[in-house]
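Enquirer: This is upload-v8.cif, which holds mmCIF, C-alpha atoms:
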data_coords
#
loop_
_atom_site.label_atom_id
_atom_site.label_comp_id
_atom_site.auth_asym_id
_atom_site.auth_seq_id
_atom_site.Cartn_x
_atom_site.Cartn_y
_atom_site.Cartn_z
CA MET R 5 63.85 55.64 -14.15
CA SER R 6 63.23 52.72 -16.35
CA ASP R 7 63.19 50.40 -13.33
CA SER R 8 60.64 52.59 -11.60
CA TRP R 9 58.29 52.52 -14.63
CA GLY R 10 58.63 48.77 -14.81
CA ASP R 11 57.70 48.41 -11.17
CA ASP R 12 54.59 50.57 -11.61
CA SER R 13 53.45 48.52 -14.64
CA GLY R 14 53.77 45.27 -12.73
CA ALA R 15 51.90 46.68 -9.75
CA SER R 16 48.96 47.68 -11.95
CA GLU R 17 48.27 44.14 -13.23
CA GLU R 18 45.32 42.41 -11.51
CA PRO R 19 46.61 39.24 -9.86
CA ARG R 20 44.97 36.08 -11.16
CA PRO R 21 43.17 33.93 -8.62
CA PRO R 22 44.29 30.39 -7.95
CA LEU R 23 42.78 27.84 -10.37
CA VAL R 24 40.88 26.31 -7.46
CA LEU R 25 38.39 29.22 -7.46
CA PRO R 26 37.32 28.80 -11.11
CA LEU R 27 37.16 25.04 -10.48
CA ILE R 28 34.87 25.56 -7.51
CA ALA R 29 32.70 27.95 -9.53
CA THR R 30 32.48 25.47 -12.40
CA PHE R 31 31.58 22.68 -9.96
CA ILE R 32 28.79 24.78 -8.44
CA VAL R 33 27.40 25.63 -11.88
CA THR R 34 27.56 21.93 -12.82
CA ALA R 35 25.62 20.93 -9.71
CA LEU R 36 22.96 23.59 -10.35
CA LEU R 37 22.53 22.50 -13.96
CA LEU R 38 22.05 18.87 -12.92
CA VAL R 39 19.50 19.86 -10.30
CA PHE R 40 17.69 22.02 -12.85
CA ALA R 41 17.60 19.20 -15.42
CA PHE R 42 16.58 16.29 -13.19
CA ALA R 43 14.43 18.00 -10.55
CA MET R 44 12.06 19.85 -12.88
CA PRO R 45 8.76 18.04 -13.59
CA ARG R 46 8.19 16.80 -17.13
CA GLY R 47 4.92 16.78 -19.05
CA LEU R 48 3.27 13.47 -19.85
CA ASP R 49 3.79 14.16 -23.58
CA ILE R 50 7.54 14.79 -23.26
CA GLY R 51 8.35 11.72 -25.33
CA HIS R 52 5.98 12.68 -28.17
CA ASN R 53 5.95 16.49 -28.21
CA ASP R 54 8.80 18.00 -30.24
CA SER R 55 8.06 21.52 -29.01
CA SER R 56 8.45 20.40 -25.38
CA ILE R 57 11.80 18.80 -26.17
CA ILE R 58 13.06 21.85 -28.08
CA GLY R 59 11.87 24.13 -25.27
CA ALA R 60 13.72 22.05 -22.68
CA LEU R 61 16.92 22.15 -24.72
CA ILE R 62 16.67 25.91 -25.21
CA SER R 63 16.02 26.43 -21.51
CA GLY R 64 19.04 24.26 -20.70
CA CYS R 65 21.20 26.40 -22.98
CA MET R 66 19.87 29.67 -21.54
CA VAL R 67 20.30 28.60 -17.93
CA SER R 68 23.83 27.41 -18.74
CA LEU R 69 24.72 30.83 -20.16
CA ILE R 70 23.17 32.65 -17.20
CA LEU R 71 24.97 30.54 -14.60
CA TRP R 72 28.27 30.74 -16.48
CA GLY R 73 27.85 34.51 -16.72
CA ILE R 74 27.41 34.76 -12.97
CA ALA R 75 30.46 32.56 -12.38
CA PHE R 76 32.39 34.58 -14.95
CA ALA R 77 31.60 37.85 -13.19
CA ILE R 78 32.68 36.44 -9.83
CA THR R 79 35.89 34.61 -10.64
CA ILE R 80 36.27 33.01 -14.09
CA ARG R 81 36.89 36.38 -15.76
CA ARG R 82 40.17 36.60 -13.88
CA ALA R 83 41.35 33.24 -15.22
CA GLY R 84 43.18 32.76 -18.50
CA GLY R 85 41.39 33.07 -21.85
CA GLY R 86 41.68 29.35 -22.52
CA TRP R 87 40.07 28.58 -19.19
CA GLN R 88 37.22 31.00 -19.86
CA VAL R 89 36.41 29.46 -23.24
CA GLY R 90 36.84 25.94 -21.89
CA THR R 91 34.46 26.44 -18.98
CA LEU R 92 31.89 28.08 -21.26
CA LEU R 93 31.93 25.17 -23.71
CA PHE R 94 31.88 22.62 -20.89
CA ILE R 95 28.92 24.21 -19.17
CA LEU R 96 26.99 24.59 -22.44
CA VAL R 97 27.55 20.93 -23.32
CA LEU R 98 26.61 19.89 -19.80
CA GLY R 99 23.46 22.04 -19.75
CA ILE R 100 22.17 20.67 -23.04
CA GLY R 101 23.40 17.13 -22.42
CA SER R 102 21.81 16.94 -18.98
CA GLN R 103 18.50 18.03 -20.48
CA ILE R 104 18.74 15.31 -23.14
CA VAL R 105 19.48 12.65 -20.52
CA ALA R 106 16.74 13.91 -18.21
CA ILE R 107 14.21 14.00 -21.06
CA THR R 108 15.17 10.48 -22.14
CA LEU R 109 14.81 9.10 -18.62
CA ALA R 110 11.53 10.97 -18.07
CA ALA R 111 10.12 9.71 -21.38
CA HIS R 112 11.08 6.15 -20.46
CA ARG R 113 9.54 6.50 -16.99
CA ILE R 114 6.34 8.13 -18.27
CA GLY R 115 6.09 5.60 -21.11
CA GLY R 116 6.25 2.74 -18.61
CA ASP R 117 3.62 4.42 -16.45
CA MET R 118 1.25 4.91 -19.38
CA ALA R 119 1.83 1.33 -20.52
CA THR R 120 0.71 0.25 -17.05
CA VAL R 121 -2.42 2.38 -17.45
CA ALA R 122 -3.12 0.58 -20.74
CA GLY R 123 -2.87 -2.75 -18.90
CA GLN R 124 -5.22 -1.44 -16.24
CA PHE R 125 -7.78 -0.49 -18.88
CA ARG R 126 -7.51 -3.96 -20.44
CA ALA R 127 -8.08 -5.60 -17.06
CA ILE R 128 -11.05 -3.43 -16.12
CA SER R 129 -12.71 -3.94 -19.51
CA VAL R 130 -12.98 -7.69 -18.80
CA GLY R 131 -14.07 -7.22 -15.19
CA ASN R 132 -10.71 -7.76 -13.47
CA ARG R 133 -9.03 -5.47 -10.96
CA ALA R 134 -6.50 -3.01 -12.33
CA PRO R 135 -2.86 -3.86 -11.55
CA ASP R 136 -1.04 -1.68 -9.04
CA GLY R 137 0.40 1.56 -10.35
CA THR R 138 4.05 1.94 -11.31
CA GLY R 139 4.01 5.75 -11.60
CA PRO R 140 1.84 8.75 -10.75
CA VAL R 141 -0.79 8.33 -13.47
CA SER R 142 -1.21 4.57 -13.01
CA ARG R 143 -1.41 5.01 -9.21
CA ILE R 144 -4.19 7.55 -9.69
CA SER R 145 -5.88 5.29 -12.23
CA ALA R 146 -5.64 2.18 -10.02
CA VAL R 147 -7.27 3.73 -6.96
CA PHE R 148 -10.09 5.21 -9.04
CA LEU R 149 -10.79 2.20 -11.27
CA ASN R 150 -10.51 -0.37 -8.49
CA GLY R 151 -12.64 1.72 -6.13
CA ASN R 152 -15.46 1.82 -8.66
CA LEU R 153 -15.04 -1.88 -9.46
CA ASP R 154 -15.17 -2.80 -5.76
CA ASP R 155 -18.39 -0.82 -5.36
CA ARG R 156 -19.94 -2.64 -8.32
CA ARG R 157 -18.87 -6.09 -7.14
CA ALA R 158 -20.13 -5.50 -3.60
CA PHE R 159 -23.48 -4.25 -4.90
CA ASP R 160 -23.88 -7.17 -7.32
CA ARG R 161 -23.16 -9.64 -4.50
CA GLU R 162 -25.84 -8.00 -2.36
CA VAL R 163 -28.31 -8.08 -5.25
CA GLU R 164 -27.77 -11.82 -5.65
CA ALA R 165 -27.85 -12.49 -1.90
CA ARG R 166 -31.23 -10.77 -1.54
CA GLY R 167 -32.74 -12.89 -4.31
CA VAL R 168 -33.28 -10.10 -6.83
CA LEU R 169 -31.79 -12.13 -9.68
CA GLN R 170 -33.95 -15.14 -8.87
CA LEU R 171 -36.99 -12.89 -8.82
CA LEU R 172 -36.25 -11.30 -12.19
CA ASN R 173 -35.25 -14.57 -13.87
CA HIS R 174 -38.19 -16.44 -12.27
CA GLU R 175 -35.74 -19.33 -11.87
CA GLY R 176 -37.10 -21.87 -9.37
CA LEU R 177 -39.49 -19.25 -8.01
CA THR R 178 -42.40 -20.54 -5.91
CA HIS R 179 -44.81 -19.03 -3.42
CA ALA R 180 -42.53 -20.38 -0.67
CA SER R 181 -39.38 -18.71 -2.01
CA PRO R 182 -37.72 -16.66 0.78
CA VAL R 183 -37.30 -13.61 -1.47
CA LEU R 184 -41.09 -13.10 -1.53
CA HIS R 185 -41.05 -12.68 2.26
CA HIS R 186 -38.38 -9.96 2.17
CA CYS R 187 -39.59 -7.61 -0.55
CA ALA R 188 -39.26 -4.64 1.78
CA ASP R 189 -35.51 -5.27 1.99
CA PHE R 190 -35.19 -4.11 -1.61
CA GLU R 191 -35.79 -0.53 -0.48
CA ALA R 192 -32.46 -0.42 1.35
CA LEU R 193 -30.75 -1.89 -1.71
CA ALA R 194 -32.16 0.82 -3.99
CA ALA R 195 -31.09 3.46 -1.48
CA ARG R 196 -27.61 1.92 -1.48
CA ALA R 197 -27.40 2.29 -5.26
CA ARG R 198 -28.39 5.95 -5.05
CA THR R 199 -25.85 6.57 -2.28
CA ILE R 200 -23.05 5.04 -4.35
CA GLY R 201 -24.13 7.12 -7.34
CA ALA R 202 -24.03 10.29 -5.26
CA ASP R 203 -21.05 9.70 -2.96
CA GLY R 204 -19.00 6.81 -4.36
CA TRP R 205 -17.51 8.83 -7.20
CA ASN R 206 -16.60 11.72 -4.92
CA GLY R 207 -14.87 9.41 -2.47
CA HIS R 208 -12.72 7.72 -5.09
CA PHE R 209 -12.12 11.06 -6.80
CA ALA R 210 -10.86 12.57 -3.53
CA GLU R 211 -8.52 9.63 -2.91
CA ALA R 212 -7.14 9.94 -6.43
CA ARG R 213 -6.61 13.67 -5.88
CA ARG R 214 -4.58 12.99 -2.73
CA ILE R 215 -2.29 10.74 -4.77
CA ALA R 216 -2.05 13.37 -7.52
CA ASP R 217 -1.27 16.17 -5.06
CA ALA R 218 1.55 14.10 -3.55
CA ALA R 219 2.89 13.35 -7.04
CA VAL R 220 2.82 17.04 -7.97
CA GLN R 221 4.60 17.93 -4.75
CA SER R 222 7.30 15.32 -5.44
CA ARG R 223 7.56 16.59 -9.05
CA GLU R 224 6.53 13.25 -10.56
CA ILE R 225 3.83 15.00 -12.57
CA THR R 226 3.06 18.59 -13.46
CA ALA R 227 0.09 20.39 -11.95
CA GLY R 228 -1.21 21.03 -15.48
CA ASP R 229 -1.12 17.34 -16.41
CA ALA R 230 -2.86 16.43 -13.15
CA ALA R 231 -5.60 18.99 -13.82
CA ALA R 232 -6.08 17.67 -17.37
CA LEU R 233 -6.27 14.10 -16.08
CA PHE R 234 -9.00 14.93 -13.57
CA ALA R 235 -10.90 16.98 -16.12
CA SER R 236 -10.97 13.90 -18.35
CA MET R 237 -12.18 11.74 -15.44
CA GLU R 238 -14.83 14.28 -14.48
CA SER R 239 -16.32 14.09 -17.99
CA GLU R 240 -17.52 10.55 -17.11
CA HIS R 241 -19.27 11.61 -13.89
CA GLY R 242 -22.69 12.00 -15.49
CA SER R 243 -22.54 8.53 -17.05
CA TYR R 244 -21.49 7.06 -13.68
CA GLN R 245 -24.42 8.66 -11.89
CA ARG R 246 -26.83 7.49 -14.58
CA GLN R 247 -25.65 3.90 -14.25
CA TRP R 248 -26.36 3.83 -10.53
CA ALA R 249 -29.69 5.63 -11.00
CA LEU R 250 -30.71 2.86 -13.40
CA ASP R 251 -29.73 0.24 -10.81
CA ALA R 252 -31.87 1.97 -8.20
CA GLU R 253 -34.84 2.20 -10.55
CA MET R 254 -34.57 -1.49 -11.48
CA ILE R 255 -34.45 -2.49 -7.80
CA GLU R 256 -37.49 -0.33 -7.06
CA ASP R 257 -39.45 -1.96 -9.89
CA ALA R 258 -38.26 -5.36 -8.70
CA GLN R 259 -39.62 -4.53 -5.23
CA GLU R 260 -43.02 -3.69 -6.70
CA PHE R 261 -43.00 -6.91 -8.71
CA CYS R 262 -41.96 -8.86 -5.62
CA ALA R 263 -44.82 -7.35 -3.60
CA LEU R 264 -47.23 -8.27 -6.37
CA LEU R 265 -46.10 -11.90 -6.33
CA ALA R 266 -46.28 -11.98 -2.54
CA ARG R 267 -49.89 -10.80 -2.29
CA ARG R 268 -51.58 -11.99 -5.49
CA PRO R 269 -52.30 -15.43 -7.01
CA TRP R 270 -50.05 -16.71 -9.78
CA VAL R 271 -48.80 -19.99 -11.20
CA GLY R 272 -45.24 -20.86 -12.09
CA ARG R 273 -44.58 -22.88 -15.21
CA GLY R 274 -40.85 -23.41 -15.63
CA ASN R 275 -39.33 -19.94 -15.75
CA GLU R 276 -42.66 -18.40 -16.72
CA ILE R 277 -45.19 -16.80 -14.36
CA LEU R 278 -48.90 -16.85 -15.25
CA PHE R 279 -51.44 -14.52 -13.65
CA PRO R 280 -55.12 -15.45 -13.68
CA ASN R 281 -56.09 -11.82 -13.04
CA PRO R 282 -55.60 -9.49 -16.08
CA ALA R 283 -54.92 -6.48 -13.83
CA ASP R 284 -52.13 -8.35 -12.06
CA LEU R 285 -50.70 -9.39 -15.42
CA SER R 286 -50.79 -5.78 -16.62
CA GLU R 287 -49.01 -4.55 -13.48
CA ALA R 288 -46.36 -7.26 -13.76
CA ARG R 289 -45.74 -6.43 -17.41
CA PHE R 290 -45.42 -2.74 -16.56
CA HIS R 291 -42.67 -3.31 -14.00
CA MET R 292 -40.85 -5.97 -16.02
CA GLU R 293 -40.91 -3.76 -19.12
CA ARG R 294 -39.40 -0.86 -17.17
CA ILE R 295 -36.74 -3.17 -15.82
CA ARG R 296 -36.00 -4.42 -19.34
CA GLN R 297 -35.69 -0.89 -20.73
CA ASN R 298 -33.36 0.22 -17.94
CA ALA R 299 -31.29 -2.94 -18.27
CA ASP R 300 -30.95 -2.34 -22.02
CA GLU R 301 -29.83 1.25 -21.44
CA GLU R 302 -27.34 0.11 -18.82
CA ARG R 303 -26.01 -2.64 -21.09
CA ILE R 304 -25.58 -0.26 -24.04
CA ALA R 305 -23.75 2.25 -21.83
CA ALA R 306 -21.54 -0.49 -20.39
CA ASP R 307 -20.70 -1.78 -23.88
CA ALA R 308 -19.81 1.76 -25.00
CA SER R 309 -17.65 2.24 -21.90
CA ARG R 310 -15.78 -1.01 -22.56
CA ARG R 311 -15.29 -0.03 -26.18
CA ASP R 312 -13.94 3.39 -25.19
CA THR R 313 -11.67 1.78 -22.63
CA ASP R 314 -10.29 -0.68 -25.16
CA GLU R 315 -9.70 2.11 -27.67
CA ALA R 316 -7.90 4.20 -25.04
CA ALA R 317 -5.76 1.20 -24.11
CA GLY R 318 -4.95 0.66 -27.79
CA ARG R 319 -3.81 4.26 -28.20
CA LEU R 320 -1.61 4.05 -25.12
CA GLU R 321 -0.12 0.75 -26.29
CA ALA R 322 0.61 2.22 -29.71
CA GLN R 323 2.51 5.08 -28.09
CA ASN R 324 4.21 3.28 -25.21
CA GLY R 325 3.96 -0.46 -25.83
CA PRO R 326 1.78 -2.96 -23.89
CA GLY R 327 1.88 -2.87 -20.13
#
Take the structure in this file and express it as structure tokens.
Expert:
Amino acid sequence: MSDSWGDDSGASEEPRPPLVLPLIATFIVTALLLVFAFAMPRGLDIGHNDSSIIGALISGCMVSLILWGIAFAITIRRAGGGWQVGTLLFILVLGIGSQIVAITLAAHRIGGDMATVAGQFRAISVGNRAPDGTGPVSRISAVFLNGNLDDRRAFDREVEARGVLQLLNHEGLTHASPVLHHCADFEALAARARTIGADGWNGHFAEARRIADAAVQSREITAGDAAALFASMESEHGSYQRQWALDAEMIEDAQEFCALLARRPWVGRGNEILFPNPADLSEARFHMERIRQNADEERIAADASRRDTDEAAGRLEAQNGPG
């Protein structure tokens, strides 16, 4: 009888699985935790926002517990008590530790990217092209800043080639100067300024968005950070349009002044132009005064933009170091 009872007791015990099954389960959980930690996008403020860091650590802990619970229900529960506790502690340490490593690497990567942006701002503020991007934000910044700079340089070269600067400075200007025979060409130049003001921004903005969309898709940047970045850029759209409108207005006044010089008598004395007819003098002063006012407004806006750019670069350098 006693032997029979002993046999029944042994038959009722649940056989333990081979250790290879809990090992496989632990390996799978480990792989999932690493993917979760390193594949998830990080916010641009991850290196400076304590709440983001704490949230990431808590999420790492919670995901670790969830995955271990699933593995426990499938196979680890049938392993020994020491194995159960050991795998739980291992997975918790791995979940939190992988988040710490991922956050550290992301902060270093983002910091380098923002330092590059600071260098781009410094370059643009002195009229140089922005260096190539090293990360998502600096790639977006480079295509946008350099696109606008290229538009400005091309326009300024055309202004000089058409003789507008010589006309406005009166430098070496005579009745035989070629610019006075091509005043009508200024109309196309003014139209070009208005076209850039209307379409140039949108073109560079769209190109920057394509880069941002690719970066979001590859998880280099979050969709929220990309949206905030473009909202900040969009806030400067009105100022951009105003700058090009001022250029167009100055070219249009220069065309009127050019036509006046081409058809009316005047005398050049050094860099000064003298009109014998008071009406011609009044018309010339009207156009030159409008040009001066628009040029002053453009200069003040450009100085403010450079100041804002330098301040933004300084803030980025303070947070991430110089680029």
Enquirer: Write out as a PyMOL selection string which residues come within 9 Å of Gly274 in chain R when counting only C-alpha atoms, dropping same-chain ones fewer than 4 positions away.
Expert: chain R and resi 174-177
Enquirer: Go through R:Phe42, R:Phe261, R:Trp87, R:Phe31 one by one, measure the shortest atom-to-atom distance of each to Val183 in chain R using all atoms listed in the file, and give the residue with the smallest value.
Expert: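 Distance minimum relative to Val183 in chain R lands on R:Phe261.
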Enquirer: Taking into account all atoms listed in the file, which residue in the set R:His241, R:Asn275, R:Leu25, R:Ser142 is nearest to Gln170 in chain R?
Expert: R:Asn275
Enquirer: Provide the CA of Met118 in chain R to CA of Thr138 in chain R distance in Å, to one decimal place.
Expert: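 Going from CA of Met118 in chain R over to CA of Thr138 in chain R covers 9.0 Å.
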Enquirer: Taking the file as shown, find all residues satisfying the PyMOL selection byres ((chain R and resi 295) around 8) and write them as number ranges by chain.
Expert: R: 253-254, 257-258, 291-294, 296-299
Enquirer: Run the PyMOL selection byres ((chain R and resi 245) around 12) on the file and write out the hits as a PDB file with C-alpha atoms, in the coordinates of the input.
Expert:
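Result file follows (expr_31.pdb):
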ATOM      1  CA  ASN R 152     -15.460   1.820  -8.660  1.00  0.00           C
ATOM      2  CA  ALA R 197     -27.400   2.290  -5.260  1.00  0.00           C
ATOM      3  CA  ARG R 198     -28.390   5.950  -5.050  1.00  0.00           C
ATOM      4  CA  THR R 199     -25.850   6.570  -2.280  1.00  0.00           C
ATOM      5  CA  ILE R 200     -23.050   5.040  -4.350  1.00  0.00           C
ATOM      6  CA  GLY R 201     -24.130   7.120  -7.340  1.00  0.00           C
ATOM      7  CA  ALA R 202     -24.030  10.290  -5.260  1.00  0.00           C
ATOM      8  CA  ASP R 203     -21.050   9.700  -2.960  1.00  0.00           C
ATOM      9  CA  GLY R 204     -19.000   6.810  -4.360  1.00  0.00           C
ATOM     10  CA  TRP R 205     -17.510   8.830  -7.200  1.00  0.00           C
ATOM     11  CA  ASN R 206     -16.600  11.720  -4.920  1.00  0.00           C
ATOM     12  CA  GLU R 238     -14.830  14.280 -14.480  1.00  0.00           C
ATOM     13  CA  SER R 239     -16.320  14.090 -17.990  1.00  0.00           C
ATOM     14  CA  GLU R 240     -17.520  10.550 -17.110  1.00  0.00           C
ATOM     15  CA  HIS R 241     -19.270  11.610 -13.890  1.00  0.00           C
ATOM     16  CA  GLY R 242     -22.690  12.000 -15.490  1.00  0.00           C
ATOM     17  CA  SER R 243     -22.540   8.530 -17.050  1.00  0.00           C
ATOM     18  CA  TYR R 244     -21.490   7.060 -13.680  1.00  0.00           C
ATOM     19  CA  ARG R 246     -26.830   7.490 -14.580  1.00  0.00           C
ATOM     20  CA  GLN R 247     -25.650   3.900 -14.250  1.00  0.00           C
ATOM     21  CA  TRP R 248     -26.360   3.830 -10.530  1.00  0.00           C
ATOM     22  CA  ALA R 249     -29.690   5.630 -11.000  1.00  0.00           C
ATOM     23  CA  LEU R 250     -30.710   2.860 -13.400  1.00  0.00           C
ATOM     24  CA  ASP R 251     -29.730   0.240 -10.810  1.00  0.00           C
ATOM     25  CA  ALA R 252     -31.870   1.970  -8.200  1.00  0.00           C
ATOM     26  CA  GLU R 302     -27.340   0.110 -18.820  1.00  0.00           C
ATOM     27  CA  ALA R 305     -23.750   2.250 -21.830  1.00  0.00           C
TER      28      ALA R 305
END
Enquirer: By how many Å are CA of Asp314 in chain R and CA of Thr120 in chain R apart?
Expert: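 The value is 13.7 Å.
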Enquirer: What does the distance between CA of Pro269 in chain R and CA of Ile255 in chain R come to in Å, to one decimal place?
Expert: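 Taking CA of Pro269 in chain R and CA of Ile255 in chain R, their separation equals 22.1 Å.
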Enquirer: When the PyMOL selection byres ((chain R and resi 154) around 12) is applied to the structure above, which residues does it catch, written out as a VMD selection string?
Expert: chain R and resid 128 131 to 134 146 to 153 155 to 161 200 204 to 205 208
Enquirer: Could you check which of R:Thr79, R:Gly137, R:Ala41, R:Phe209 is closest to Leu109 in chain R, using only C-alpha atoms?
Expert: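 The answer is R:Ala41, which sits nearest to Leu109 in chain R.
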Enquirer: So that I can see what lies close to Cys187 in chain R, please list as a tab-separated table (two decimals) with C-alpha atoms, in the coordinates of the input the residues with an atom at most 8 Å from it, counting only C-alpha atoms and leaving out residues fewer than 5 positions away in the same chain.
Expert:
chain	number	residue	atom	x	y	z
R	259	GLN	CA	-39.62	-4.53	-5.23
R	262	CYS	CA	-41.96	-8.86	-5.62
R	263	ALA	CA	-44.82	-7.35	-3.60
Enquirer: The residues within 7 Å of (-1.8, 5.9, -5.1), using all atoms listed in the file and the coordinates of the file, should be reported as a list in words; which are they?
Expert: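 The distance filter leaves exactly Arg143, Ile144, Val147, Ala212 and Ile215 of chain R.
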Enquirer: Restricting the calculation to only C-alpha atoms, which member of R:Ile28, R:Leu184, R:Asp312, R:Met66 is positioned closest to Leu264 in chain R?
Expert: R:Leu184
Enquirer: Could you pull range 266-284 of chain R out of the block above and give me N, CA, C and O atoms, as an mmCIF file, in the first residue's frame?
Expert:
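Wrote selection.cif, looks like this:
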data_model
loop_
_atom_site.group_PDB
_atom_site.id
_atom_site.type_symbol
_atom_site.label_atom_id
_atom_site.label_comp_id
_atom_site.auth_asym_id
_atom_site.auth_seq_id
_atom_site.Cartn_x
_atom_site.Cartn_y
_atom_site.Cartn_z
ATOM 1 N N ALA R 266 18.306 108.612 -67.599
ATOM 2 C CA ALA R 266 18.446 108.309 -69.024
ATOM 3 C C ALA R 266 17.768 109.346 -69.912
ATOM 4 O O ALA R 266 18.207 109.586 -71.046
ATOM 5 N N ARG R 267 16.716 110.006 -69.427
ATOM 6 C CA ARG R 267 15.946 110.895 -70.291
ATOM 7 C C ARG R 267 16.105 112.381 -69.955
ATOM 8 O O ARG R 267 15.712 113.228 -70.756
ATOM 9 N N ARG R 268 16.661 112.712 -68.808
ATOM 10 C CA ARG R 268 16.719 114.093 -68.387
ATOM 11 C C ARG R 268 18.174 114.567 -68.241
ATOM 12 O O ARG R 268 19.086 113.777 -68.023
ATOM 13 N N PRO R 269 18.398 115.888 -68.336
ATOM 14 C CA PRO R 269 19.768 116.411 -68.190
ATOM 15 C C PRO R 269 20.223 116.394 -66.731
ATOM 16 O O PRO R 269 19.439 116.632 -65.810
ATOM 17 N N TRP R 270 21.492 116.095 -66.536
ATOM 18 C CA TRP R 270 22.099 116.128 -65.214
ATOM 19 C C TRP R 270 23.603 116.219 -65.379
ATOM 20 O O TRP R 270 24.160 115.952 -66.444
ATOM 21 N N VAL R 271 24.277 116.560 -64.306
ATOM 22 C CA VAL R 271 25.732 116.696 -64.333
ATOM 23 C C VAL R 271 26.308 115.898 -63.181
ATOM 24 O O VAL R 271 25.813 115.980 -62.048
ATOM 25 N N GLY R 272 27.332 115.123 -63.478
ATOM 26 C CA GLY R 272 27.991 114.351 -62.434
ATOM 27 C C GLY R 272 29.185 115.095 -61.891
ATOM 28 O O GLY R 272 30.001 115.641 -62.644
ATOM 29 N N ARG R 273 29.288 115.145 -60.573
ATOM 30 C CA ARG R 273 30.430 115.784 -59.935
ATOM 31 C C ARG R 273 30.923 114.822 -58.844
ATOM 32 O O ARG R 273 30.385 114.779 -57.751
ATOM 33 N N GLY R 274 31.951 114.038 -59.198
ATOM 34 C CA GLY R 274 32.397 112.984 -58.304
ATOM 35 C C GLY R 274 31.310 111.926 -58.190
ATOM 36 O O GLY R 274 30.846 111.395 -59.201
ATOM 37 N N ASN R 275 30.903 111.634 -56.955
ATOM 38 C CA ASN R 275 29.807 110.695 -56.731
ATOM 39 C C ASN R 275 28.487 111.413 -56.478
ATOM 40 O O ASN R 275 27.550 110.835 -55.943
ATOM 41 N N GLU R 276 28.419 112.667 -56.916
ATOM 42 C CA GLU R 276 27.223 113.469 -56.716
ATOM 43 C C GLU R 276 26.589 113.782 -58.063
ATOM 44 O O GLU R 276 27.276 114.003 -59.064
ATOM 45 N N ILE R 277 25.275 113.773 -58.118
ATOM 46 C CA ILE R 277 24.534 114.075 -59.341
ATOM 47 C C ILE R 277 23.743 115.362 -59.118
ATOM 48 O O ILE R 277 23.003 115.494 -58.132
ATOM 49 N N LEU R 278 23.912 116.323 -60.042
ATOM 50 C CA LEU R 278 23.244 117.616 -59.943
ATOM 51 C C LEU R 278 22.238 117.746 -61.078
ATOM 52 O O LEU R 278 22.558 117.468 -62.241
ATOM 53 N N PHE R 279 21.023 118.155 -60.717
ATOM 54 C CA PHE R 279 19.961 118.343 -61.719
ATOM 55 C C PHE R 279 19.686 119.841 -61.881
ATOM 56 O O PHE R 279 19.420 120.541 -60.888
ATOM 57 N N PRO R 280 19.730 120.338 -63.104
ATOM 58 C CA PRO R 280 19.403 121.750 -63.303
ATOM 59 C C PRO R 280 17.915 122.038 -63.163
ATOM 60 O O PRO R 280 17.518 123.160 -62.866
ATOM 61 N N ASN R 281 17.084 121.013 -63.365
ATOM 62 C CA ASN R 281 15.632 121.187 -63.298
ATOM 63 C C ASN R 281 15.137 120.801 -61.900
ATOM 64 O O ASN R 281 15.337 119.671 -61.450
ATOM 65 N N PRO R 282 14.487 121.719 -61.164
ATOM 66 C CA PRO R 282 14.006 121.416 -59.802
ATOM 67 C C PRO R 282 13.045 120.235 -59.749
ATOM 68 O O PRO R 282 13.047 119.466 -58.794
ATOM 69 N N ALA R 283 12.209 120.056 -60.775
ATOM 70 C CA ALA R 283 11.269 118.935 -60.779
ATOM 71 C C ALA R 283 12.013 117.604 -60.866
ATOM 72 O O ALA R 283 11.638 116.625 -60.205
ATOM 73 N N ASP R 284 13.067 117.589 -61.691
ATOM 74 C CA ASP R 284 13.871 116.362 -61.791
ATOM 75 C C ASP R 284 14.568 116.065 -60.469
ATOM 76 O O ASP R 284 14.646 114.913 -60.041
#
